[in-house]
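Everything on this sheet refers to the single structure shown next.
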Amino acid sequence: MRSVNLKTYLATRAAEVDAAMDAFLPKAKKRPATIHAAMRYSVFAGGKRLRPILMIAACEAVGGSAQDVLHAACALEMIHTYSLVHDDLPAMD
């Protein structure tokens, strides 16, 4: 059994998720720029990325790799961000 530094693991995986989401999302200036800039602002407003990290860790626990679930982990984080934004909209209650 190998030892894992939790703080390092979380930071490394969060950086991987951020890099992948940066690649998946349209650039802020791509048309329609207002929408894409707002999407990026919301997704990169901060956060610990615990949901995607837990998905990656679960995959690794059964012998997979982070790359096996990185798309799904990013999708999970984007859905979470969507739910936070839409929860604050008055017409969505």
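Letters A, B, ... go to the chains of the structure tokens in the order shown; residues in each chain start at 1; ligands are counted from 1 in the same order.
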
### Message
Give me, as a VMD selection string, all polymer residues having an atom no more than 10 Å from Tyr9 in chain A, counting only C-alpha atoms and skipping those fewer than 6 positions away in the same chain.
### Response
chain A and resid 15 53 57

### Task
Would you return as JSON, numbers by chain the members of chain A that DSSP assigns to alpha helix (DSSP H) on this structure's backbone?
{"A": [6, 7, 8, 9, 10, 11, 12, 13, 14, 15, 16, 17, 18, 19, 20, 21, 22, 23, 24, 33, 34, 35, 36, 37, 38, 39, 40, 41, 42, 43, 50, 51, 52, 53, 54, 55, 56, 57, 58, 59, 60, 61, 66, 67, 68, 69, 70, 71, 72, 73, 74, 75, 76, 77, 78, 79, 80, 81, 82, 83, 84, 85, 86, 87]}

### Task
In Å, rounded to a single decimal, give me how far CA of Lys48 in chain A is from CA of Glu16 in chain A.
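It comes out at 12.1 Å.
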
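Counting only C-alpha atoms and comparing A:His86, A:His71, A:Arg49, A:His80, the residue that lies closest to Phe24 in chain A is A:His71.
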
### Gly47 in chain A environment, 10 Å, only C-alpha atoms, sequence neighbours closer than 6 positions dropped, as a ChimeraX atom specification
/A:14,77,81

### Message
Just checking: using only C-alpha atoms, which residue out of A:Leu50, A:Gln67, A:Ala72, A:Ala91 ends up closest to Leu10 in chain A?
### Response
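When distances to Leu10 in chain A are compared using only C-alpha atoms, the smallest one comes from A:Leu50.
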